[in-house]
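So this block is protein.txt, compact mmCIF, C-alpha atoms:
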```
# COMPACT_ATOMS: atom_id res chain seq x y z
CA MET F 1 94.04 95.86 93.13
CA ALA F 2 96.47 98.61 92.32
CA LEU F 3 95.66 101.85 94.10
CA ASN F 4 98.64 103.83 92.89
CA PHE F 5 98.44 106.99 90.93
CA ALA F 6 100.96 107.63 88.17
CA GLY F 7 104.23 108.76 89.69
CA ASP F 8 103.48 107.35 93.12
CA PRO F 9 105.90 104.67 94.29
CA SER F 10 104.44 101.18 94.10
CA ASP F 11 103.70 99.16 97.21
CA ARG F 12 106.62 96.94 96.26
CA ASP F 13 108.96 99.94 96.25
CA LEU F 14 107.64 101.20 99.55
CA ILE F 15 108.03 97.77 101.15
CA ALA F 16 111.62 97.55 99.92
CA ARG F 17 112.40 101.01 101.29
CA ALA F 18 110.72 100.25 104.61
CA LEU F 19 112.75 97.05 104.82
CA ALA F 20 115.84 99.17 104.42
CA GLY F 21 114.69 101.12 107.48
CA GLU F 22 113.03 104.12 105.84
CA ARG F 23 110.39 105.37 108.24
CA ALA F 24 108.72 107.59 105.66
CA ALA F 25 108.13 104.58 103.42
CA PHE F 26 106.27 102.75 106.16
CA ALA F 27 104.30 105.90 106.93
CA ALA F 28 103.34 106.08 103.25
CA ILE F 29 102.16 102.46 103.33
CA TYR F 30 100.03 103.29 106.36
CA GLN F 31 98.62 106.41 104.72
CA ARG F 32 97.77 104.53 101.57
CA HIS F 33 96.07 101.51 103.11
CA HIS F 34 94.85 102.26 106.62
CA ALA F 35 91.42 103.41 105.45
CA ILE F 36 90.44 100.11 103.84
CA VAL F 37 91.69 98.20 106.85
CA PHE F 38 89.70 100.48 109.15
CA ARG F 39 86.51 100.18 107.10
CA PHE F 40 86.82 96.42 107.08
CA ALA F 41 87.50 96.30 110.82
CA ARG F 42 84.72 98.76 111.57
CA ALA F 43 82.22 96.59 109.73
CA MET F 44 83.49 93.45 111.46
CA CYS F 45 83.67 94.82 115.00
CA ALA F 46 81.20 96.38 117.37
CA SER F 47 82.95 99.66 118.11
CA VAL F 48 85.24 102.28 116.63
CA ALA F 49 87.74 101.69 119.42
CA THR F 50 87.98 97.97 118.63
CA ALA F 51 88.30 98.72 114.93
CA GLU F 52 91.19 101.10 115.63
CA ASP F 53 92.87 98.45 117.75
CA VAL F 54 92.56 96.08 114.81
CA VAL F 55 94.12 98.64 112.45
CA GLN F 56 97.00 99.19 114.81
CA GLU F 57 97.60 95.46 115.22
CA VAL F 58 97.46 94.88 111.47
CA PHE F 59 100.21 97.43 110.83
CA LEU F 60 102.27 96.07 113.69
CA VAL F 61 102.01 92.62 112.12
CA LEU F 62 103.10 94.08 108.78
CA MET F 63 106.01 95.81 110.52
CA ARG F 64 107.16 92.53 112.06
CA ASN F 65 106.69 90.56 108.85
CA LEU F 66 108.02 93.00 106.27
CA ALA F 67 110.87 90.67 105.38
CA ARG F 68 108.53 87.75 104.90
CA TYR F 69 105.92 89.57 102.84
CA ASP F 70 106.06 88.28 99.27
CA ALA F 71 104.63 90.77 96.78
CA ASP F 72 104.59 88.07 94.08
CA ARG F 73 102.16 85.97 96.07
CA SER F 74 99.70 88.65 97.10
CA ASP F 75 98.99 92.32 96.54
CA LEU F 76 99.53 94.34 99.68
CA PRO F 77 95.84 95.25 100.15
CA LEU F 78 94.86 91.57 99.95
CA TYR F 79 97.61 90.68 102.39
CA LEU F 80 96.35 93.39 104.77
CA TYR F 81 92.77 92.16 104.41
CA GLY F 82 93.99 88.68 105.33
CA VAL F 83 95.78 89.91 108.44
CA ALA F 84 92.86 92.17 109.36
CA ARG F 85 90.49 89.28 109.01
CA ASN F 86 92.46 87.18 111.49
CA VAL F 87 92.89 90.02 113.97
CA ALA F 88 89.24 91.08 113.66
CA ARG F 89 88.07 87.51 114.24
CA GLY F 90 89.93 87.47 117.54
CA ALA F 91 88.54 90.88 118.47
CA ALA F 92 85.01 89.84 117.53
CA ARG F 93 85.28 86.74 119.71
CA ARG F 94 86.46 88.88 122.62
CA ASP F 95 83.67 91.41 122.03
CA ARG F 96 81.08 88.66 122.19
CA ARG F 97 81.69 88.36 125.93
CA PHE F 98 80.48 91.88 126.52
CA VAL F 99 77.02 93.32 126.32
CA ALA F 100 77.15 96.44 124.20
CA LEU F 101 75.91 99.59 125.80
CA GLU F 102 73.04 101.26 124.09
CA THR F 103 74.54 103.64 121.61
CA SER F 104 72.99 106.97 120.97
CA ILE F 105 72.82 108.12 117.41
CA GLU F 106 74.63 111.39 117.24
CA GLU F 107 75.74 111.60 113.67
CA ALA F 108 76.77 114.91 112.21
CA PRO F 109 74.05 116.09 109.86
CA THR F 110 74.79 115.30 106.26
CA THR F 111 71.84 117.05 104.68
CA ASP F 112 69.58 119.96 105.51
CA ASP F 113 66.91 117.52 106.65
CA PRO F 114 67.62 116.40 110.23
CA LEU F 115 64.71 113.96 110.22
CA ALA F 116 66.06 112.24 107.13
CA ASP F 117 69.51 112.10 108.75
CA LEU F 118 68.08 110.52 111.86
CA GLY F 119 66.19 107.94 109.81
CA LEU F 120 69.34 107.10 107.86
CA ALA F 121 71.41 106.82 111.03
CA ARG F 122 68.85 104.44 112.53
CA ARG F 123 68.79 102.27 109.42
CA VAL F 124 72.58 102.11 109.35
CA ALA F 125 72.70 101.23 113.04
CA ARG F 126 70.22 98.45 112.41
CA VAL F 127 72.24 97.05 109.50
CA ARG F 128 75.40 97.18 111.62
CA LYS F 129 73.67 95.26 114.36
CA ALA F 130 72.29 92.69 111.93
CA ILE F 131 75.75 92.18 110.41
CA GLY F 132 77.23 91.85 113.88
CA LEU F 133 74.85 88.99 114.61
CA LEU F 134 75.87 87.02 111.51
CA PRO F 135 78.29 84.14 112.02
CA ILE F 136 81.81 85.43 111.44
CA ARG F 137 82.44 83.32 108.33
CA HIS F 138 79.35 84.80 106.69
CA ARG F 139 79.98 88.30 108.00
CA GLU F 140 83.47 88.55 106.53
CA VAL F 141 82.38 87.34 103.09
CA LEU F 142 79.48 89.77 103.02
CA ILE F 143 81.72 92.69 104.03
CA LEU F 144 84.46 91.87 101.53
CA CYS F 145 82.12 91.21 98.61
CA GLU F 146 79.35 93.74 99.17
CA LEU F 147 80.97 96.58 101.08
CA HIS F 148 84.52 96.41 99.73
CA GLU F 149 83.46 95.06 96.33
CA LEU F 150 86.30 92.59 96.07
CA SER F 151 86.04 89.94 93.37
CA TYR F 152 85.18 86.37 94.37
CA GLU F 153 88.73 85.38 93.42
CA ASP F 154 90.27 87.99 95.70
CA VAL F 155 87.97 87.10 98.57
CA ALA F 156 88.86 83.44 98.11
CA ARG F 157 92.54 84.37 98.35
CA VAL F 158 92.04 86.51 101.43
CA LEU F 159 90.09 83.81 103.21
CA GLY F 160 92.08 80.87 101.85
CA VAL F 161 88.98 79.03 100.66
CA PRO F 162 87.76 77.89 97.22
CA ILE F 163 85.70 80.33 95.15
CA GLY F 164 82.70 78.03 95.42
CA THR F 165 82.83 78.41 99.18
CA VAL F 166 82.85 82.19 98.82
CA ARG F 167 79.77 82.03 96.60
CA SER F 168 77.85 79.74 98.92
CA ARG F 169 78.77 81.74 102.03
CA LEU F 170 77.78 84.99 100.32
CA HIS F 171 74.46 83.50 99.25
CA ARG F 172 73.79 82.36 102.82
CA ALA F 173 74.97 85.67 104.27
CA ARG F 174 72.64 87.72 102.08
CA ARG F 175 69.73 85.50 103.05
CA LEU F 176 70.51 85.69 106.76
CA LEU F 177 70.91 89.45 106.62
CA ALA F 178 67.64 89.87 104.76
CA GLU F 179 65.82 87.71 107.30
CA ARG F 180 67.23 89.67 110.23
CA LEU F 181 66.38 93.01 108.66
CA SER F 182 62.83 91.96 107.83
CA ARG F 183 62.06 91.12 111.48
CA PRO F 184 60.33 93.80 113.54
CA GLU F 185 62.87 96.01 115.22
CA GLU F 186 63.54 95.50 118.93
CA THR F 187 64.17 98.55 121.06
CA PRO F 188 67.78 98.66 122.27
CA SER F 189 66.82 98.29 125.93
CA HIS F 190 64.61 95.30 125.19
CA ALA F 191 67.45 93.62 123.30
CA ALA F 192 69.97 94.39 126.03
CA HIS F 193 67.67 92.98 128.70
CA LYS F 194 67.19 89.83 126.67
CA ARG F 195 70.95 89.37 126.29
CA LEU F 196 71.57 90.09 129.93
CA GLY F 197 68.88 87.59 130.87
CA TYR F 198 70.55 85.04 128.65
CA LEU F 199 73.95 85.70 130.19
CA LEU F 200 72.68 85.64 133.76
CA MET I 1 74.78 84.79 91.32
CA ASN I 2 73.60 87.93 89.56
CA SER I 3 71.23 90.49 91.00
CA ASP I 4 68.27 89.00 89.10
CA ASP I 5 68.46 85.91 91.29
CA LEU I 6 67.94 87.87 94.48
CA ARG I 7 64.72 87.84 96.45
CA ASN I 8 63.06 91.16 97.19
CA ASP I 9 64.09 91.14 100.84
CA GLU I 10 67.69 90.46 99.78
CA ARG I 11 67.60 93.39 97.37
CA GLU I 12 66.32 95.55 100.20
CA ALA I 13 69.11 94.29 102.48
CA LEU I 14 71.72 95.11 99.85
CA ALA I 15 70.30 98.62 99.50
CA ARG I 16 70.70 99.04 103.27
CA LEU I 17 74.26 97.76 102.96
CA GLY I 18 74.89 100.49 100.39
CA GLU I 19 73.78 103.07 102.96
CA MET I 20 76.11 101.54 105.49
CA ALA I 21 79.00 101.60 102.99
CA ALA I 22 78.43 105.34 102.44
CA ASP I 23 78.35 105.83 106.20
CA LEU I 24 81.63 103.92 106.60
CA GLN I 25 83.26 106.22 104.05
CA ARG I 26 82.50 109.15 106.33
CA GLU I 27 84.09 107.59 109.41
CA ALA I 28 87.71 108.48 109.88
CA VAL I 29 90.47 106.89 111.88
CA SER I 30 91.73 109.05 114.71
CA ALA I 31 94.90 110.92 113.86
CA ASP I 32 96.46 109.54 117.01
CA LEU I 33 96.51 106.06 115.52
CA GLU I 34 99.16 106.93 112.93
CA ARG I 35 101.27 108.46 115.68
CA ARG I 36 101.00 105.22 117.71
CA VAL I 37 101.92 103.03 114.74
CA LEU I 38 104.92 105.15 113.86
CA ALA I 39 105.98 105.27 117.51
CA ALA I 40 106.02 101.47 117.38
CA TRP I 41 108.20 101.73 114.26
CA ASP I 42 110.62 104.04 116.08
CA ALA I 43 110.74 101.78 119.13
CA ARG I 44 111.43 98.78 116.92
CA ALA I 45 114.17 100.62 115.06
CA ALA I 46 115.77 101.71 118.33
CA THR I 47 115.69 98.14 119.67
CA ALA I 48 117.21 96.81 116.46
CA ALA I 49 120.00 99.37 116.67
CA ALA I 50 120.74 98.52 120.30
CA SER I 51 120.74 94.72 119.98
CA PRO I 52 123.67 92.71 118.56
CA PRO I 53 123.47 91.73 114.90
CA PRO I 54 121.45 88.55 114.38
CA ALA I 55 124.39 86.55 113.03
CA TRP I 56 126.37 87.28 116.19
CA GLY I 57 123.44 86.15 118.33
CA LYS I 58 123.13 82.98 116.30
CA TRP I 59 126.77 82.11 116.90
CA LEU I 60 126.40 82.87 120.58
CA TRP I 61 123.48 80.47 120.92
CA ALA I 62 125.28 77.86 118.84
CA SER I 63 128.35 78.01 121.09
CA VAL I 64 126.19 77.77 124.21
CA GLY I 65 124.46 74.74 122.71
CA VAL I 66 127.75 73.04 121.80
CA GLY I 67 129.13 73.76 125.26
CA ALA I 68 126.08 72.30 126.94
CA ALA I 69 126.17 69.23 124.71
CA CYS I 70 129.89 68.69 125.50
CA SER I 71 129.18 68.96 129.21
CA VAL I 72 126.46 66.36 129.03
CA VAL I 73 128.64 63.97 127.02
CA ALA I 74 131.58 64.48 129.37
CA PHE I 75 129.28 63.98 132.33
CA ALA I 76 127.98 60.72 130.88
CA VAL I 77 131.32 59.36 129.64
CA MET I 78 133.81 60.43 132.29
CA ARG I 79 131.77 59.45 135.29
CA GLN I 80 131.07 55.84 135.79
CA PRO I 81 127.49 55.45 136.76
CA VAL I 82 127.17 53.73 140.06
CA PRO I 83 125.43 50.47 139.40
CA ILE I 84 122.35 50.51 141.36
CA ALA I 85 121.29 49.00 144.11
CA SER I 86 119.92 52.32 143.08
CA VAL I 87 117.25 50.92 140.78
CA VAL I 88 114.52 50.74 143.28
CA PRO I 89 113.19 47.27 143.80
CA PRO I 90 109.44 47.24 143.31
CA ALA I 91 108.92 46.41 146.93
CA LEU I 92 110.68 49.60 148.06
CA ARG I 93 109.19 52.03 145.61
CA GLY I 94 106.89 53.50 148.16
CA GLU I 95 109.89 54.72 150.09
CA LEU I 96 111.07 57.15 147.45
CA GLY I 97 111.27 60.60 148.82
CA ASP I 98 112.71 59.39 152.10
CA ASP I 99 116.31 60.60 151.82
CA SER I 100 117.68 58.76 154.84
CA ASP I 101 119.37 56.20 152.60
CA LEU I 102 121.41 58.95 150.91
CA ARG I 103 123.03 60.44 153.96
CA TRP I 104 126.11 58.23 153.76
CA LEU I 105 126.96 59.64 150.33
CA ASP I 106 128.48 62.93 151.43
CA ALA I 107 129.89 64.40 154.55
CA ASP I 108 127.46 67.24 154.10
CA PRO I 109 124.22 65.81 152.77
CA LEU I 110 122.75 69.26 152.32
CA SER I 111 125.36 69.96 149.64
CA LEU I 112 123.90 67.24 147.43
CA GLN I 113 121.81 68.30 144.46
CA VAL I 114 119.11 66.06 143.13
CA VAL I 115 118.41 66.37 139.42
CA TYR I 116 115.58 64.69 137.60
CA ALA I 117 116.03 63.80 133.94
CA ARG I 118 114.87 61.44 131.22
CA VAL I 119 117.26 59.10 129.47
CA SER I 120 116.49 56.91 126.49
CA SER I 121 116.03 53.31 127.60
CA GLU I 122 118.69 52.17 125.08
CA ALA I 123 121.29 54.51 126.59
CA TRP I 124 120.27 53.43 130.07
CA GLU I 125 120.61 49.75 129.26
CA ALA I 126 123.91 50.36 127.43
CA HIS I 127 125.34 51.26 130.83
CA GLY I 128 124.23 47.91 132.15
CA LEU I 129 121.28 49.34 134.02
CA PRO I 130 117.95 47.61 133.80
CA ALA I 131 115.16 49.79 132.48
CA VAL I 132 112.34 48.93 134.80
CA ASP I 133 109.71 51.50 133.86
CA VAL I 134 109.90 52.91 130.35
CA ASP I 135 107.75 55.85 129.18
CA ALA I 136 105.54 55.64 126.14
CA ASP I 137 108.22 57.62 124.29
CA GLY I 138 110.92 55.09 125.24
CA SER I 139 112.65 57.10 127.95
CA VAL I 140 113.42 56.23 131.55
CA PRO I 141 112.84 58.85 134.27
CA VAL I 142 115.98 59.02 136.39
CA GLU I 143 117.16 60.75 139.52
CA LEU I 144 120.77 61.97 139.67
CA VAL I 145 122.47 62.89 142.90
CA ILE I 146 125.34 65.31 142.36
CA GLY I 147 127.88 66.35 144.97
CA ALA I 148 129.17 69.79 145.75
CA ASP I 149 132.17 69.11 143.48
CA GLY I 150 129.84 68.53 140.55
CA SER I 151 130.49 64.83 140.27
CA LEU I 152 127.76 62.26 140.04
CA ARG I 153 127.31 60.38 143.28
CA ARG I 154 124.39 58.23 142.46
CA VAL I 155 121.85 57.60 139.75
CA ARG I 156 118.72 55.58 139.78
CA ALA I 157 115.67 54.97 137.69
CA LEU I 158 112.38 56.15 139.05
CA PRO I 159 109.17 54.25 138.77
CA LEU I 160 106.78 56.12 136.46
CA LEU I 161 104.15 56.40 139.14
CA VAL I 162 106.46 58.22 141.51
CA HIS I 163 108.13 60.33 138.83
CA GLY I 164 104.76 61.57 137.69
CA GLU I 165 104.36 63.34 141.02
CA TYR I 166 107.26 65.70 140.37
```
Would you give me this structure, written as structure tokens?
Amino acid sequence: MALNFAGDPSDRDLIARALAGERAAFAAIYQRHHAIVFRFARAMCASVATAEDVVQEVFLVLMRNLARYDADRSDLPLYLYGVARNVARGAARRDRRFVALETSIEEAPTTDDPLADLGLARRVARVRKAIGLLPIRHREVLILCELHELSYEDVARVLGVPIGTVRSRLHRARRLLAERLSRPEETPSHAAHKRLGYLL
Amino acid sequence: MNSDDLRNDEREALARLGEMAADLQREAVSADLERRVLAAWDARAATAAASPPPAWGKWLWASVGVGAACSVVAFAVMRQPVPIASVVPPALRGELGDDSDLRWLDADPLSLQVVYARVSSEAWEAHGLPAVDVDADGSVPVELVIGADGSLRRVRALPLLVHGEY
């Protein structure tokens, strides 16, 4: 998973320089990899704020463990996915205790057709919600394979499971997602009332 | 699994996922996050600069450990444990906690310190003391009474039932 352009220092170089105390090297690592960590966390968690907390925690973990990171065992992005997965799992468990407020869809227009934008935003919100309701072990496989397009081998390494397990979880995750998306849509307030009723 | 194996509703779901992936590409992390991460880096660097080098700390802890170990050995070897009377006969165990029987030990009973510890039953018996109640891990809960001068005045085994209350 090399993301370097020719002439850019490799992750290994940057890690070595950061270990020697070079702040700019750590900043470069952050610049290079924070986006994938954020996109993973954003898909795993319910809110942007939680996803940003996950990103911050992931880079703090990297900062603490720079000396122990072994570039021969794992590419840096895979290592970061692994850390992000653990941190996001904890955040997702914490988020479960809260009932999400109804979120308004206020996306910046991406085309000249506001109605099309609104329809797209609603569909995306629905997919997000459906993914959020998947069991975590299925959710993370779906996100890594389908959204981040990692190979089965890489996902297996990130999750520390056999490739066969990745395949079976992905198969199950696709099916669960399809079933949830094919159900008639609940209005947000109806869903919130149902969850509140369940909690109370 | 290749895409030909997918059901229609799964294909539809994957198409929706594609829309979500495009949407995720548009979301950006707040610029403040990088500042917070790098502030943590600076704080860590400042702490590392202010603290003693790790090797020095290691030696400090090692010397503290050796000192503590020597004290314990000296305490155990130099002071003859007072053979007990102090092992509480089963009939009197209910009286533990009543300190009236300790008042004769020091002119100023309030200066006495009571220390609870666990000693391996082998070590306990090596001093000629009967191990009455032995823990599952083979240790005997004991009560040490230490005078103001730091010397051991009295030691006795505690019955497990009573010790468990501390």
Task: Proximal residues of chain F relative to chain I (all atoms listed in the file; 10 Å) as a PyMOL selection string - done: chain F and resi 21-24+26-27+30-31+34-36+38-40+42-43+48-49+51-53+55-60+63-64+107+110+120-121+123-128+131+142-143+146-148+167-168+170-171+173-182
Task: atom CA of F:Pro135 to atom CA of F:His33, straight-line distance in Å - done: 26.4 Å
Task: Atomic separation - atom CA of F:Arg94 relative to atom CA of F:Leu66, Å - done: 27.4 Å
- [ ] May I ask for the distance between atom CA of F:Leu78 and atom CA of F:Gly164, given in Å to one decimal place?
- [x]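 A separation of 18.8 Å between them.
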Using all atoms of stretch 82-95 of chain F that appear in the file, construct an axis-aligned enclosing box with 3 Å of padding on every side and provide its centre coordinates and edge lengths in Å, rounded to one decimal, as lines of an AutoDock Vina configuration file.
```
center_x = 89.7
center_y = 89.5
center_z = 114.0
size_x = 18.1
size_y = 11.4
size_z = 23.3
```
Task: Among the residues I:Val72, I:Ala39, I:Ala62, I:Val115, the one that comes closest to I:Ile146 [using all atoms listed in the file] - done: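 Looking only at the distances to I:Ile146, the closest residue turns out to be I:Val115.
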